[in-house]
file final.pdb (PDB, C-alpha atoms and all ligand atoms)
ATOM      1  CA  MET A 148     142.795  84.027  66.005
ATOM      2  CA  ASP A 149     143.409  81.332  68.635
ATOM      3  CA  PRO A 150     142.196  77.875  67.463
ATOM      4  CA  ILE A 151     142.010  76.653  71.072
ATOM      5  CA  GLN A 152     139.622  79.480  71.952
ATOM      6  CA  ILE A 153     137.566  78.661  68.841
ATOM      7  CA  GLN A 154     137.263  75.012  69.964
ATOM      8  CA  LYS A 155     136.365  75.944  73.527
ATOM      9  CA  ALA A 156     133.700  78.341  72.229
ATOM     10  CA  ALA A 157     132.338  75.650  69.885
ATOM     11  CA  ASP A 158     132.093  73.250  72.861
ATOM     12  CA  VAL A 159     130.069  75.842  74.790
ATOM     13  CA  LEU A 160     127.745  76.314  71.811
ATOM     14  CA  ARG A 161     127.306  72.546  71.373
ATOM     15  CA  LYS A 162     126.128  72.223  74.976
ATOM     16  CA  SER A 163     123.960  75.359  74.987
ATOM     17  CA  ARG A 164     120.207  74.835  74.525
ATOM     18  CA  ASN A 165     119.593  78.564  74.173
ATOM     19  CA  THR A 166     122.182  80.671  72.379
ATOM     20  CA  ILE A 167     121.704  84.304  71.350
ATOM     21  CA  ALA A 168     123.925  86.840  69.605
ATOM     22  CA  PHE A 169     124.544  90.450  70.659
ATOM     23  CA  THR A 170     126.117  92.564  67.919
ATOM     24  CA  GLY A 171     127.583  96.039  67.507
ATOM     25  CA  ALA A 172     129.079  98.086  64.703
ATOM     26  CA  GLY A 173     132.164  95.851  64.506
ATOM     27  CA  ILE A 174     130.219  93.021  62.851
ATOM     28  CA  SER A 175     129.538  95.297  59.856
ATOM     29  CA  VAL A 176     133.051  96.749  59.441
ATOM     30  CA  GLU A 177     133.978  94.026  56.916
ATOM     31  CA  SER A 178     130.879  95.079  54.967
ATOM     32  CA  GLY A 179     132.434  98.530  54.585
ATOM     33  CA  VAL A 180     130.361 100.181  57.331
ATOM     34  CA  PRO A 181     132.701 102.146  59.621
ATOM     35  CA  PRO A 182     132.422 101.737  63.398
ATOM     36  CA  PHE A 183     131.421 104.674  65.583
ATOM     37  CA  ARG A 184     134.515 104.517  67.797
ATOM     38  CA  GLY A 185     138.113 103.453  67.353
ATOM     39  CA  GLU A 186     140.093 103.381  64.084
ATOM     40  CA  ASN A 187     138.217 105.228  61.252
ATOM     41  CA  GLY A 188     135.396 105.787  63.731
ATOM     42  CA  ILE A 189     132.446 107.891  62.585
ATOM     43  CA  TRP A 190     132.679 110.094  65.644
ATOM     44  CA  GLU A 191     136.237 111.047  64.572
ATOM     45  CA  LYS A 192     134.758 112.751  61.496
ATOM     46  CA  TYR A 193     131.242 113.749  62.500
ATOM     47  CA  ASP A 194     129.940 115.477  65.604
ATOM     48  CA  PRO A 195     127.582 113.096  67.493
ATOM     49  CA  LYS A 196     125.560 116.241  68.273
ATOM     50  CA  THR A 197     124.071 116.085  64.755
ATOM     51  CA  LEU A 198     122.305 112.882  65.865
ATOM     52  CA  GLU A 199     120.858 114.352  69.050
ATOM     53  CA  LEU A 200     117.083 114.633  68.896
ATOM     54  CA  GLY A 201     117.054 118.260  70.090
ATOM     55  CA  PHE A 202     119.628 119.320  67.493
ATOM     56  CA  PHE A 203     117.705 117.497  64.744
ATOM     57  CA  MET A 204     114.427 119.236  65.632
ATOM     58  CA  ASN A 205     116.066 122.689  65.672
ATOM     59  CA  ASN A 206     118.467 122.172  62.753
ATOM     60  CA  PRO A 207     116.810 119.599  60.486
ATOM     61  CA  THR A 208     118.724 120.621  57.346
ATOM     62  CA  ALA A 209     122.185 120.442  58.982
ATOM     63  CA  SER A 210     121.327 117.167  60.688
ATOM     64  CA  TRP A 211     119.799 115.665  57.557
ATOM     65  CA  LYS A 212     122.961 116.481  55.522
ATOM     66  CA  VAL A 213     125.019 114.255  57.880
ATOM     67  CA  ILE A 214     122.281 111.598  58.003
ATOM     68  CA  ARG A 215     122.084 111.412  54.189
ATOM     69  CA  GLU A 216     125.844 111.143  53.807
ATOM     70  CA  LEU A 217     126.307 108.587  56.580
ATOM     71  CA  PHE A 218     123.281 106.347  56.434
ATOM     72  CA  TYR A 219     121.965 106.588  52.897
ATOM     73  CA  ASN A 220     124.779 107.526  50.496
ATOM     74  CA  TYR A 221     127.484 105.591  52.290
ATOM     75  CA  PHE A 222     125.900 102.739  54.260
ATOM     76  CA  GLY A 223     123.116 102.250  51.764
ATOM     77  CA  THR A 224     125.283 100.094  49.489
ATOM     78  CA  ALA A 225     126.729  97.797  52.197
ATOM     79  CA  LYS A 226     126.258  94.018  51.854
ATOM     80  CA  SER A 227     126.144  91.384  54.621
ATOM     81  CA  ASN A 228     129.459  89.636  55.332
ATOM     82  CA  ASN A 229     130.229  86.088  56.537
ATOM     83  CA  ALA A 230     129.634  87.035  60.170
ATOM     84  CA  HIS A 231     126.024  87.970  59.372
ATOM     85  CA  PHE A 232     125.611  84.820  57.246
ATOM     86  CA  VAL A 233     126.936  82.534  60.009
ATOM     87  CA  LEU A 234     124.424  83.901  62.533
ATOM     88  CA  ALA A 235     121.590  83.556  59.991
ATOM     89  CA  GLU A 236     122.604  79.953  59.191
ATOM     90  CA  MET A 237     122.863  79.095  62.894
ATOM     91  CA  GLU A 238     119.331  80.432  63.422
ATOM     92  CA  LYS A 239     118.095  78.368  60.455
ATOM     93  CA  ARG A 240     119.610  75.205  62.020
ATOM     94  CA  GLY A 241     118.105  75.953  65.438
ATOM     95  CA  LEU A 242     121.549  76.752  66.880
ATOM     96  CA  LEU A 243     120.690  80.422  67.587
ATOM     97  CA  LYS A 244     117.452  81.850  69.004
ATOM     98  CA  CYS A 245     117.854  85.504  67.999
ATOM     99  CA  VAL A 246     120.154  88.418  67.348
ATOM    100  CA  ILE A 247     120.029  91.502  69.577
ATOM    101  CA  THR A 248     121.696  94.227  67.539
ATOM    102  CA  GLN A 249     122.662  97.853  68.152
ATOM    103  CA  ASN A 250     123.139  98.277  64.396
ATOM    104  CA  ILE A 251     120.675 100.043  62.116
ATOM    105  CA  ASP A 252     122.167  98.784  58.815
ATOM    106  CA  ASN A 253     119.687  95.931  58.197
ATOM    107  CA  LEU A 254     122.598  93.575  57.336
ATOM    108  CA  HIS A 255     121.385  90.792  59.662
ATOM    109  CA  GLN A 256     118.032  90.674  57.875
ATOM    110  CA  GLN A 257     119.748  90.952  54.490
ATOM    111  CA  ALA A 258     121.787  87.828  55.431
ATOM    112  CA  GLY A 259     118.595  85.920  56.303
ATOM    113  CA  SER A 260     118.288  86.347  60.082
ATOM    114  CA  VAL A 261     114.603  86.370  61.053
ATOM    115  CA  VAL A 262     114.439  87.100  64.806
ATOM    116  CA  VAL A 263     116.393  90.352  65.076
ATOM    117  CA  HIS A 264     115.758  92.686  68.019
ATOM    118  CA  GLU A 265     116.878  96.140  66.845
ATOM    119  CA  PHE A 266     117.755  98.146  69.932
ATOM    120  CA  HIS A 267     118.391 101.320  67.938
ATOM    121  CA  GLY A 268     115.878 100.901  65.101
ATOM    122  CA  ASN A 269     116.590 100.493  61.408
ATOM    123  CA  SER A 270     117.702 103.010  58.772
ATOM    124  CA  GLN A 271     115.432 101.326  56.185
ATOM    125  CA  ASN A 272     112.405 102.914  57.863
ATOM    126  CA  LEU A 273     111.597 106.628  58.037
ATOM    127  CA  VAL A 274     108.622 108.227  59.739
ATOM    128  CA  CYS A 275     106.663 111.503  59.594
ATOM    129  CA  LEU A 276     106.888 113.093  63.054
ATOM    130  CA  SER A 277     103.386 114.579  62.680
ATOM    131  CA  CYS A 278     101.122 111.910  61.177
ATOM    132  CA  HIS A 279     103.445 108.911  61.825
ATOM    133  CA  ARG A 280     103.171 107.689  58.235
ATOM    134  CA  TYR A 281     106.089 105.359  57.420
ATOM    135  CA  PHE A 282     108.373 105.700  54.388
ATOM    136  CA  LYS A 283     111.162 103.683  52.763
ATOM    137  CA  PRO A 284     114.392 105.332  51.508
ATOM    138  CA  ASP A 285     113.126 105.017  47.902
ATOM    139  CA  ASP A 286     110.146 107.238  48.809
ATOM    140  CA  ILE A 287     112.453 110.112  49.799
ATOM    141  CA  ASP A 288     113.980 112.764  47.506
ATOM    142  CA  PHE A 289     117.360 113.149  49.193
ATOM    143  CA  ASP A 290     118.104 116.204  47.019
ATOM    144  CA  LYS A 291     115.483 118.189  48.888
ATOM    145  CA  LEU A 292     116.461 118.287  52.572
ATOM    146  CA  PRO A 293     114.911 118.137  55.038
ATOM    147  CA  PRO A 294     112.198 115.829  53.608
ATOM    148  CA  TYR A 295     108.600 116.683  54.503
ATOM    149  CA  CYS A 296     105.575 114.391  54.476
ATOM    150  CA  GLY A 297     103.482 114.729  51.287
ATOM    151  CA  ASP A 298     100.299 114.025  53.270
ATOM    152  CA  CYS A 299     100.572 116.480  56.163
ATOM    153  CA  GLY A 300     103.763 118.512  55.635
ATOM    154  CA  GLY A 301     105.360 117.069  58.790
ATOM    155  CA  LEU A 302     109.137 116.628  59.150
ATOM    156  CA  ILE A 303     110.371 113.144  58.201
ATOM    157  CA  LYS A 304     112.948 111.469  60.459
ATOM    158  CA  PRO A 305     114.832 108.193  60.003
ATOM    159  CA  ASP A 306     113.291 105.618  62.328
ATOM    160  CA  PHE A 307     116.514 104.891  64.162
ATOM    161  CA  ILE A 308     117.202 106.088  67.678
ATOM    162  CA  PHE A 309     118.865 109.448  68.121
ATOM    163  CA  PHE A 310     120.779 110.369  71.255
ATOM    164  CA  GLY A 311     118.194 111.496  73.778
ATOM    165  CA  GLU A 312     115.494 109.271  72.291
ATOM    166  CA  GLY A 313     113.903 106.296  74.075
ATOM    167  CA  ILE A 314     114.642 102.683  73.070
ATOM    168  CA  PRO A 315     111.782 101.021  71.117
ATOM    169  CA  MET A 316     109.767  99.304  73.867
ATOM    170  CA  GLU A 317     109.137  96.055  71.949
ATOM    171  CA  ALA A 318     112.827  95.618  71.053
ATOM    172  CA  TYR A 319     113.806  96.354  74.648
ATOM    173  CA  GLN A 320     111.339  93.888  76.172
ATOM    174  CA  ASN A 321     112.170  91.134  73.665
ATOM    175  CA  SER A 322     115.902  91.652  74.281
ATOM    176  CA  VAL A 323     115.537  91.521  78.065
ATOM    177  CA  GLU A 324     113.514  88.318  77.776
ATOM    178  CA  ALA A 325     116.024  86.720  75.382
ATOM    179  CA  ALA A 326     119.001  87.726  77.555
ATOM    180  CA  GLY A 327     117.252  86.321  80.620
ATOM    181  CA  ARG A 328     116.820  82.896  79.001
ATOM    182  CA  ALA A 329     120.186  82.607  77.229
ATOM    183  CA  GLU A 330     122.691  79.899  78.196
ATOM    184  CA  ALA A 331     125.323  81.296  75.807
ATOM    185  CA  VAL A 332     125.872  84.696  74.158
ATOM    186  CA  ILE A 333     127.967  85.267  71.032
ATOM    187  CA  LEU A 334     128.986  88.932  71.588
ATOM    188  CA  VAL A 335     130.368  90.454  68.396
ATOM    189  CA  GLY A 336     132.003  93.834  67.684
ATOM    190  CA  SER A 337     130.880  96.167  70.437
ATOM    191  CA  THR A 338     132.787  98.511  72.765
ATOM    192  CA  GLY A 339     130.034  98.144  75.357
ATOM    193  CA  GLU A 340     130.032 101.942  75.689
ATOM    194  CA  VAL A 341     126.343 102.601  75.104
ATOM    195  CA  MET A 342     123.580 101.837  77.588
ATOM    196  CA  PRO A 343     121.008 100.448  77.931
ATOM    197  CA  ALA A 344     121.951  98.219  74.951
ATOM    198  CA  ALA A 345     125.201  97.066  76.563
ATOM    199  CA  GLN A 346     123.235  95.907  79.633
ATOM    200  CA  MET A 347     121.931  92.905  77.703
ATOM    201  CA  PRO A 348     125.118  90.765  77.851
ATOM    202  CA  TYR A 349     125.430  91.671  81.567
ATOM    203  CA  LEU A 350     121.861  90.536  82.136
ATOM    204  CA  ALA A 351     122.557  87.230  80.381
ATOM    205  CA  LYS A 352     125.702  86.746  82.474
ATOM    206  CA  GLN A 353     123.764  87.426  85.690
ATOM    207  CA  ASN A 354     121.377  84.658  84.639
ATOM    208  CA  GLY A 355     124.215  82.180  84.191
ATOM    209  CA  ALA A 356     125.024  82.520  80.489
ATOM    210  CA  THR A 357     128.524  81.876  79.127
ATOM    211  CA  ILE A 358     129.833  84.880  77.178
ATOM    212  CA  ILE A 359     131.835  84.319  73.984
ATOM    213  CA  GLU A 360     133.250  87.639  72.747
ATOM    214  CA  VAL A 361     134.558  88.236  69.214
ATOM    215  CA  ASN A 362     136.359  91.554  68.736
ATOM    216  CA  THR A 363     139.516  92.940  67.141
ATOM    217  CA  GLU A 364     140.232  94.792  70.412
ATOM    218  CA  MET A 365     139.332  94.352  74.057
ATOM    219  CA  SER A 366     136.105  96.085  75.122
ATOM    220  CA  LYS A 367     134.310  97.031  78.349
ATOM    221  CA  PHE A 368     132.967  93.482  78.377
ATOM    222  CA  THR A 369     136.297  91.674  78.051
ATOM    223  CA  ASN A 370     137.612  91.888  81.608
ATOM    224  CA  THR A 371     134.200  91.998  83.261
ATOM    225  CA  ILE A 372     131.852  89.336  81.852
ATOM    226  CA  THR A 373     133.605  87.640  78.918
ATOM    227  CA  ASP A 374     134.393  83.935  79.424
ATOM    228  CA  HIS A 375     135.971  83.233  76.011
ATOM    229  CA  PHE A 376     137.616  86.163  74.186
ATOM    230  CA  ILE A 377     138.458  85.427  70.556
ATOM    231  CA  GLN A 378     140.507  88.290  69.125
ATOM    232  CA  GLY A 379     140.004  88.742  65.413
ATOM    233  CA  LYS A 380     137.738  89.994  62.670
ATOM    234  CA  ALA A 381     134.101  88.976  63.025
ATOM    235  CA  GLY A 382     133.808  87.498  59.511
ATOM    236  CA  GLU A 383     136.914  85.348  59.868
ATOM    237  CA  VAL A 384     136.306  84.227  63.461
ATOM    238  CA  LEU A 385     132.634  83.343  62.992
ATOM    239  CA  THR A 386     133.441  81.381  59.825
ATOM    240  CA  GLU A 387     135.998  79.320  61.805
ATOM    241  CA  LEU A 388     133.594  78.979  64.727
ATOM    242  CA  PHE A 389     130.868  77.711  62.379
ATOM    243  CA  PHE A 390     133.239  75.076  60.943
ATOM    244  CA  SER A 391     134.328  73.984  64.421
ATOM    245  CA  LEU A 392     130.695  73.762  65.563
ATOM    246  CA  THR A 393     129.188  72.010  62.527
ATOM    247  CA  GLY A 394     132.142  70.417  60.702
ATOM    248  CA  GLU A 395     130.893  72.201  57.567
ATOM    249  CA  GLU A 396     132.231  75.110  55.537
ATOM    250  CA  LEU A 397     129.866  78.103  55.504
ATOM    251  CA  LYS A 398     128.038  78.315  52.180
ATOM    252  CA  THR A 399     127.110  81.936  51.442
ATOM    253  CA  LYS A 400     124.498  82.616  48.790
TER     254      LYS A 400
HETATM  255  N1  LIG B   1     135.453  92.498  63.757
HETATM  256  C1  LIG B   1     135.062  92.511  65.064
HETATM  257  N2  LIG B   1     135.045  93.631  65.833
HETATM  258  C2  LIG B   1     135.441  94.780  65.242
HETATM  259  C3  LIG B   1     135.861  94.851  63.893
HETATM  260  C4  LIG B   1     135.857  93.641  63.140
HETATM  261  N3  LIG B   1     136.237  93.589  61.851
HETATM  262  N4  LIG B   1     136.200  96.147  63.606
HETATM  263  C5  LIG B   1     135.975  96.859  64.734
HETATM  264  N5  LIG B   1     135.534  96.041  65.718
HETATM  265  C6  LIG B   1     135.136  96.401  67.089
HETATM  266  C7  LIG B   1     135.916  97.522  67.726
HETATM  267  O1  LIG B   1     137.067  97.000  68.381
HETATM  268  C8  LIG B   1     134.890  98.066  68.740
HETATM  269  O2  LIG B   1     134.917  97.328  69.947
HETATM  270  O3  LIG B   1     133.805  96.881  66.998
HETATM  271  C9  LIG B   1     133.551  97.803  68.056
HETATM  272  C10 LIG B   1     132.932  99.065  67.485
HETATM  273  O4  LIG B   1     132.614  99.890  68.591
HETATM  274  P1  LIG B   1     131.513 101.024  68.422
HETATM  275  O5  LIG B   1     131.750 101.777  67.158
HETATM  276  O6  LIG B   1     131.430 101.758  69.727
HETATM  277  O7  LIG B   1     130.184 100.197  68.164
HETATM  278  P2  LIG B   1     129.042  99.827  69.161
HETATM  279  O8  LIG B   1     129.575  99.217  70.414
HETATM  280  O9  LIG B   1     128.069  99.028  68.381
HETATM  281  O10 LIG B   1     128.380 101.266  69.476
HETATM  282  C11 LIG B   1     127.181 101.257  70.187
HETATM  283  O11 LIG B   1     127.018 103.654  69.875
HETATM  284  O12 LIG B   1     127.017 105.618  68.659
HETATM  285  C12 LIG B   1     126.209 104.618  69.183
HETATM  286  O13 LIG B   1     124.107 104.028  68.331
HETATM  287  C13 LIG B   1     125.477 103.872  68.103
HETATM  288  O14 LIG B   1     124.799 101.554  68.097
HETATM  289  C14 LIG B   1     125.893 102.416  68.315
HETATM  290  C15 LIG B   1     126.335 102.412  69.754
END
call {"tool": "encode", "arguments": {"input": "final.pdb", "output": "structure tokens", "more": "lines below"}}
Ligand code: APR
result
Amino acid sequence: MDPIQIQKAADVLRKSRNTIAFTGAGISVESGVPPFRGENGIWEKYDPKTLELGFFMNNPTASWKVIRELFYNYFGTAKSNNAHFVLAEMEKRGLLKCVITQNIDNLHQQAGSVVVHEFHGNSQNLVCLSCHRYFKPDDIDFDKLPPYCGDCGGLIKPDFIFFGEGIPMEAYQNSVEAAGRAEAVILVGSTGEVMPAAQMPYLAKQNGATIIEVNTEMSKFTNTITDHFIQGKAGEVLTELFFSLTGEELKTK
């Protein structure tokens, strides 16, 4: 982690009157949630096909077995890490307007972030595909897959976006608006592989924003739109960045 880059990034954030964050799976790796790509990536072990909408509709049991293991048995116990807490604290102090996240793990909200635009939905919500009744994970008997709605018998699906599914309109519009107004973007833990989510930092850049990228590796953003690349783990880098910006140690709950 380069202290000079941390200071330069802190200077940008001090001057910015409108800072947003854009986060990907990498921000949750230190919470024990594996990324999708790269080392220990989910797609090394599971076939992304199981999360395609068409496959889910035709093979709900097979798809649900992967969903349960990945998003409810495994992710369900994850806790927010310092990176999530720094962004929540910055929002509380008026130093961050919002988080645009590709993640469905609810760890930004768990850390206290309020304005979170979830590009790919949230695994804490499930919905009946017939009557559109909403459920929470506690309402579901994960021993009986696939789960069916008690009211109408419809198939229940997690309310996060499968491949082939449209982006939630409200999250998309709010993210485009936020990216269009941003003067600085803190871009954390994303390969930039998946559109249209990865368009948001590009949109901010087009509108004159300064891009601060935090990642353990270079990404598709690094040599295209990133102004300050800080190589390192999100939790460690954002804790240092917070200290450089505020002169205070981060106090987690
Ligand atoms: N700190 C910071 N960055 C990290 C860390 C860490 N501790 N560990 C890994 N990373 C970085 C990796 O270098 C990589 O750039 O996080 C990124 C993870 O990349 P992906 O798994 O592709 O995550 P993301 O960009 O969010 O994927 C986008 O793909 O499969 C879909 O819907 C899924 O939302 C997801 C989307």
call {"tool": "residues_near_ligand", "arguments": {"input": "final.pdb", "ligand": "ligand LIG 1 (chain B)", "cutoff": "7 Å", "atoms": "all atoms listed in the file", "output": "PyMOL selection string"}}
result
chain A and resi 170-174+176-177+182-185+188+249-250+267+335-341+361-366+379-382
call {"tool": "write_last_selection", "arguments": {"input": "final.pdb", "atoms": "C-alpha atoms", "output": "mmCIF file, keeping the file's coordinate frame"}}
result
data_model
loop_
_atom_site.group_PDB
_atom_site.id
_atom_site.type_symbol
_atom_site.label_atom_id
_atom_site.label_comp_id
_atom_site.auth_asym_id
_atom_site.auth_seq_id
_atom_site.Cartn_x
_atom_site.Cartn_y
_atom_site.Cartn_z
ATOM 1 C CA THR A 170 126.117 92.564 67.919
ATOM 2 C CA GLY A 171 127.583 96.039 67.507
ATOM 3 C CA ALA A 172 129.079 98.086 64.703
ATOM 4 C CA GLY A 173 132.164 95.851 64.506
ATOM 5 C CA ILE A 174 130.219 93.021 62.851
ATOM 6 C CA VAL A 176 133.051 96.749 59.441
ATOM 7 C CA GLU A 177 133.978 94.026 56.916
ATOM 8 C CA PRO A 182 132.422 101.737 63.398
ATOM 9 C CA PHE A 183 131.421 104.674 65.583
ATOM 10 C CA ARG A 184 134.515 104.517 67.797
ATOM 11 C CA GLY A 185 138.113 103.453 67.353
ATOM 12 C CA GLY A 188 135.396 105.787 63.731
ATOM 13 C CA GLN A 249 122.662 97.853 68.152
ATOM 14 C CA ASN A 250 123.139 98.277 64.396
ATOM 15 C CA HIS A 267 118.391 101.320 67.938
ATOM 16 C CA VAL A 335 130.368 90.454 68.396
ATOM 17 C CA GLY A 336 132.003 93.834 67.684
ATOM 18 C CA SER A 337 130.880 96.167 70.437
ATOM 19 C CA THR A 338 132.787 98.511 72.765
ATOM 20 C CA GLY A 339 130.034 98.144 75.357
ATOM 21 C CA GLU A 340 130.032 101.942 75.689
ATOM 22 C CA VAL A 341 126.343 102.601 75.104
ATOM 23 C CA VAL A 361 134.558 88.236 69.214
ATOM 24 C CA ASN A 362 136.359 91.554 68.736
ATOM 25 C CA THR A 363 139.516 92.940 67.141
ATOM 26 C CA GLU A 364 140.232 94.792 70.412
ATOM 27 C CA MET A 365 139.332 94.352 74.057
ATOM 28 C CA SER A 366 136.105 96.085 75.122
ATOM 29 C CA GLY A 379 140.004 88.742 65.413
ATOM 30 C CA LYS A 380 137.738 89.994 62.670
ATOM 31 C CA ALA A 381 134.101 88.976 63.025
ATOM 32 C CA GLY A 382 133.808 87.498 59.511
#
call {"tool": "residues_around", "arguments": {"input": "final.pdb", "residues": "segment 351-359 of chain A", "least_positions_apart": "4", "cutoff": "10 Å", "atoms": "all atoms listed in the file", "output": "ChimeraX atom specification"}}
result
/A:152-153,155-157,159-160,163,165-168,323-335,346-347,368-369,372-377
call {"tool": "closest_residue", "arguments": {"input": "final.pdb", "among": "A:Ser391, A:Met237, A:Ser227, A:Lys304", "to": "His255 of chain A", "atoms": "all atoms listed in the file"}}
result
A:Ser227
call {"tool": "atom_distance", "arguments": {"input": "final.pdb", "atom1": "atom CA of Asp298 of chain A", "atom2": "atom CA of Asp286 of chain A"}}
result
12.8 Å
call {"tool": "residues_around", "arguments": {"input": "final.pdb", "residues": "Gly300 of chain A", "least_positions_apart": "6", "cutoff": "10 Å", "atoms": "only C-alpha atoms", "output": "list in words"}}
result
Cys275, Leu276, Ser277, Cys278 and Pro294 of chain A
call {"tool": "atom_distance", "arguments": {"input": "final.pdb", "atom1": "atom CA of Phe202 of chain A", "atom2": "atom CA of Gly223 of chain A"}}
result
23.5 Å
call {"tool": "resolve_selection", "arguments": {"input": "final.pdb", "expression": "the PyMOL selection byres (((chain A and resi 397) around 12) and not hetatm)", "output": "PDB file with C-alpha atoms, in the frame of the given file"}}
result
ATOM      1  CA  ASN A 228     129.459  89.636  55.332  1.00  0.00           C
ATOM      2  CA  ASN A 229     130.229  86.088  56.537  1.00  0.00           C
ATOM      3  CA  ALA A 230     129.634  87.035  60.170  1.00  0.00           C
ATOM      4  CA  HIS A 231     126.024  87.970  59.372  1.00  0.00           C
ATOM      5  CA  PHE A 232     125.611  84.820  57.246  1.00  0.00           C
ATOM      6  CA  VAL A 233     126.936  82.534  60.009  1.00  0.00           C
ATOM      7  CA  LEU A 234     124.424  83.901  62.533  1.00  0.00           C
ATOM      8  CA  ALA A 235     121.590  83.556  59.991  1.00  0.00           C
ATOM      9  CA  GLU A 236     122.604  79.953  59.191  1.00  0.00           C
ATOM     10  CA  MET A 237     122.863  79.095  62.894  1.00  0.00           C
ATOM     11  CA  GLY A 382     133.808  87.498  59.511  1.00  0.00           C
ATOM     12  CA  GLU A 383     136.914  85.348  59.868  1.00  0.00           C
ATOM     13  CA  VAL A 384     136.306  84.227  63.461  1.00  0.00           C
ATOM     14  CA  LEU A 385     132.634  83.343  62.992  1.00  0.00           C
ATOM     15  CA  THR A 386     133.441  81.381  59.825  1.00  0.00           C
ATOM     16  CA  GLU A 387     135.998  79.320  61.805  1.00  0.00           C
ATOM     17  CA  LEU A 388     133.594  78.979  64.727  1.00  0.00           C
ATOM     18  CA  PHE A 389     130.868  77.711  62.379  1.00  0.00           C
ATOM     19  CA  PHE A 390     133.239  75.076  60.943  1.00  0.00           C
ATOM     20  CA  SER A 391     134.328  73.984  64.421  1.00  0.00           C
ATOM     21  CA  LEU A 392     130.695  73.762  65.563  1.00  0.00           C
ATOM     22  CA  THR A 393     129.188  72.010  62.527  1.00  0.00           C
ATOM     23  CA  GLY A 394     132.142  70.417  60.702  1.00  0.00           C
ATOM     24  CA  GLU A 395     130.893  72.201  57.567  1.00  0.00           C
ATOM     25  CA  GLU A 396     132.231  75.110  55.537  1.00  0.00           C
ATOM     26  CA  LYS A 398     128.038  78.315  52.180  1.00  0.00           C
ATOM     27  CA  THR A 399     127.110  81.936  51.442  1.00  0.00           C
ATOM     28  CA  LYS A 400     124.498  82.616  48.790  1.00  0.00           C
TER      29      LYS A 400
END
call {"tool": "resolve_selection", "arguments": {"input": "final.pdb", "expression": "the PyMOL selection byres (((chain A and resi 246) around 9) and not hetatm)", "output": "PyMOL selection string"}}
result
chain A and resi 167-170+234-235+238+243-245+247-248+255+260-265+322
call {"tool": "atom_distance", "arguments": {"input": "final.pdb", "atom1": "atom CA of Asp288 of chain A", "atom2": "atom CA of Ile303 of chain A"}}
result
11.3 Å
call {"tool": "closest_residue", "arguments": {"input": "final.pdb", "among": "A:Ser175, A:Phe289, A:Asp306, A:Asn253", "to": "Asn272 of chain A", "atoms": "only C-alpha atoms"}}
result
A:Asp306
call {"tool": "closest_residue", "arguments": {"input": "final.pdb", "among": "A:Ile214, A:Ala344, A:Leu242, A:Ala225", "to": "Ile189 of chain A", "atoms": "all atoms listed in the file"}}
result
A:Ile214
call {"tool": "residues_around", "arguments": {"input": "final.pdb", "residues": "Ile308 of chain A", "least_positions_apart": "5", "cutoff": "12 Å", "atoms": "all atoms listed in the file", "output": "ChimeraX atom specification"}}
result
/A:198-200,203,249-251,265-270,272-274,313-316,318,344
call {"tool": "write_last_selection", "arguments": {"input": "final.pdb", "atoms": "C-alpha atoms", "output": "PDB file, keeping the file's coordinate frame"}}
result
ATOM      1  CA  LEU A 198     122.305 112.882  65.865  1.00  0.00           C
ATOM      2  CA  GLU A 199     120.858 114.352  69.050  1.00  0.00           C
ATOM      3  CA  LEU A 200     117.083 114.633  68.896  1.00  0.00           C
ATOM      4  CA  PHE A 203     117.705 117.497  64.744  1.00  0.00           C
ATOM      5  CA  GLN A 249     122.662  97.853  68.152  1.00  0.00           C
ATOM      6  CA  ASN A 250     123.139  98.277  64.396  1.00  0.00           C
ATOM      7  CA  ILE A 251     120.675 100.043  62.116  1.00  0.00           C
ATOM      8  CA  GLU A 265     116.878  96.140  66.845  1.00  0.00           C
ATOM      9  CA  PHE A 266     117.755  98.146  69.932  1.00  0.00           C
ATOM     10  CA  HIS A 267     118.391 101.320  67.938  1.00  0.00           C
ATOM     11  CA  GLY A 268     115.878 100.901  65.101  1.00  0.00           C
ATOM     12  CA  ASN A 269     116.590 100.493  61.408  1.00  0.00           C
ATOM     13  CA  SER A 270     117.702 103.010  58.772  1.00  0.00           C
ATOM     14  CA  ASN A 272     112.405 102.914  57.863  1.00  0.00           C
ATOM     15  CA  LEU A 273     111.597 106.628  58.037  1.00  0.00           C
ATOM     16  CA  VAL A 274     108.622 108.227  59.739  1.00  0.00           C
ATOM     17  CA  GLY A 313     113.903 106.296  74.075  1.00  0.00           C
ATOM     18  CA  ILE A 314     114.642 102.683  73.070  1.00  0.00           C
ATOM     19  CA  PRO A 315     111.782 101.021  71.117  1.00  0.00           C
ATOM     20  CA  MET A 316     109.767  99.304  73.867  1.00  0.00           C
ATOM     21  CA  ALA A 318     112.827  95.618  71.053  1.00  0.00           C
ATOM     22  CA  ALA A 344     121.951  98.219  74.951  1.00  0.00           C
TER      23      ALA A 344
END
